[in-house]
Number of protein chains: 2
Amino acid sequence: LGEFGLIKRIRSRSLMRHARVLLGIGDDAAVLRPSSHHTLLTTDLLIESVHFDFSLSSPRQIGAKAVLVNASDIAAMGGTPQTVLVSLAVPGPTPVKQVDKLYTGIIEACHEVGADLVGGDTAASPGPTFINVTMTGVVPSGCEIRRSGGNPGDLLYVTGTLGDSRAGLSILQSARKGRHRSFEQYLIRRHLRPIPRIAEGAILAKTRSASAMIDLSDGLSSDVIHLCEESDTGVRIDISRIPVSEQFSAWCRRTRRKPGSEAIRGGEDYELLFSVRPRHEAKIEKWIRTGGLSATRIGFLTGRKSGFKILDERGRLLPLREEGFSHF
Amino acid sequence: LGEFGLIKRIRSRSLMRHARVLLGIGDDAAVLRPSSHHTLLTTDLLIESVHFDFSLSSPRQIGAKAVLVNASDIAAMGGTPQTVLVSLAVPGPTPVKQVDKLYTGIIEACHEVGADLVGGDTAASPGPTFINVTMTGVVPSGCEIRRSGGNPGDLLYVTGTLGDSRAGLSILQSARKGRHRSFEQYLIRRHLRPIPRIAEGAILAKTRSASAMIDLSDGLSSDVIHLCEESDTGVRIDISRIPVSEQFSAWCRRTRRKPGSEAIRGGEDYELLFSVRPRHEAKIEKWIRTGGLSATRIGFLTGRKSGFKILDERGRLLPLREEGFSHF
């Protein structure tokens, strides 16, 4: 097939859905029409045996995840995904079929988040498989939600449930024989297939309801500190309020883990953590009650000097430690 | 230093120069203001021991080149670079000093081409060093020059001189002891430090003088076929017209190579190849004569059925073979 054959093949499968995309794969650069919105740019690098493992997930799942984690970054600004560029390096002897499946996952995930695959690069790798995805998105001008906008006294919310992905990874790594139980299957799927919170991020941006926002990739305990450092605030998180799924609770019972401390460490949750000024509290709580927003209040921002604190299950106020995983 | 320490360090060194960049490194995504121009997107992946070698070039040179080759893609659309995102994976034991030098090269090259470093990702690599650069650019709306716009009868031009980079690589690889001669130093520099033809591309775009354009990364013999395939044309190149430098001629004499067939194969020239409709010929030739454009006419496009042809030094019309190097 070769490099150019592969490019032709990918090109024929990547349809342009956005009117903004004037030119996609096949030239020196993709071309986008002007937009009155702000443009967002983000990039994420996934490396075999560091970020993924072909023995734990299929090429299609890996390709999809590479796109979805970028969409989560766009969502964390309150934006909507628009275009994707993929750089892929695979070891020389990789069968074309496997590369093709990676792109199947990439293209499916692009469609899922409403983005067009508009460019990329391919190469042979003398080492592991390497996937870099760059995503562009749009957000109404001036509505983007930064990490730095939080203030002492703002309420802190998180979407969905935490800890599922980390539990799913543990289950995959334990390599137990036999079929997985249904709660295990759920957790594995949460690990393999993150759901970027695009709708949640977009509604918060359009209504200017969040003062600061970040997506949880390293884990709540680690990422909340990034938000606080950018906002120059402290934080207090009530561990008993951290939302967890029934499936995660079942797994914690079986494996004798503490759900709270497990969920706060997390990792690859790809949920949104956001702060809300008190004047928007009633609106947010109403959205949550009426099902318009799946989010839970887990604490509040404090002055910088108050530090990063956690209220544990026994009512003790403890220092929050950055226990999320660092890739470097 | 760690991942976050490194990010802070890079952030402090990357200044925002473009008013369009509202937010750079340090959030979930960079934010760009709206522009009335078209936006260009391109990405290029460089892998240690495939695309570069730490024994042949310094980290600073490699970092710079990773940016410059992307700028060449933007130039090939007639665009001007604007922002850069860099994903870097280095082997675990890499000294921070070396990573820092890579970023020094990256940031210097960004300044050279007028782009802002606005984001990226870093990771430890269990294999070789990977550098992926994504670049955005702008081009006046509707002025971008595609590969597909060529027509039979259009004249074919190339900027600068060809073959220098390939010769420079040969000299580096030959690992001869002792100091390089001055012509060798020139050729090595042409290999290590491509000069993206941004001004040339931009003037051709603004004046709508070129019907099709591509940058020469794989080599003329290979890239001209890509342009022709997209334009659905054939081509006839006069080998005696291919522009070469004095330094390249000196090297060919010393190593007993044929300059024409060496230059046409080329590779990593990062010059622009463009086609011009006959009605613009006089204008282009005047620019060339008056020094406004460094370019040379090397042939013309033909009907598809005439195929890809080369007129050799002895006046024979031979089939052009795709002898540029393929990365896959």
# chains A, B, ... in the order shown; residues from 1 in each chain; ligands from 1

call {"tool": "residues_around", "arguments": {"residues": "segment 232-243 of chain A", "least_positions_apart": "4", "cutoff": "9 Å", "atoms": "only C-alpha atoms", "output": "PyMOL selection string"}}
result
chain A and resi 148+150-152+156+158-162+224-225+227-228+260-261+263-264+295-313+315+317+320

call {"tool": "select_by_dssp", "arguments": {"residues": "segment 200-299 of chain B", "states": "helix (DSSP H, G or I)", "output": "ChimeraX atom specification"}}
result
/B:200-206,220-231,239-241,246-255,259-265,278-289

call {"tool": "closest_residue", "arguments": {"among": "A:Ala89, A:Leu169, A:Leu68, A:Ala19", "to": "chain B", "atoms": "only C-alpha atoms"}}
result
A:Ala89

call {"tool": "interface_residues", "arguments": {"of": "chain B", "to": "chain A", "cutoff": "7 Å", "atoms": "only C-alpha atoms", "output": "PyMOL selection string"}}
result
chain B and resi 2-3+27-45+73-74+76-77+87+119-121+123-124+127-128+146-147+214+327-328

call {"tool": "residues_around", "arguments": {"residues": "Asp164 of chain B", "least_positions_apart": "5", "cutoff": "7 Å", "atoms": "only C-alpha atoms", "output": "ChimeraX atom specification"}}
result
/B:187,190-191,248

call {"tool": "closest_residue", "arguments": {"among": "A:Ala167, A:Gly5, A:Arg176, A:Phe52", "to": "Val96 of chain A", "atoms": "only C-alpha atoms"}}
result
A:Gly5
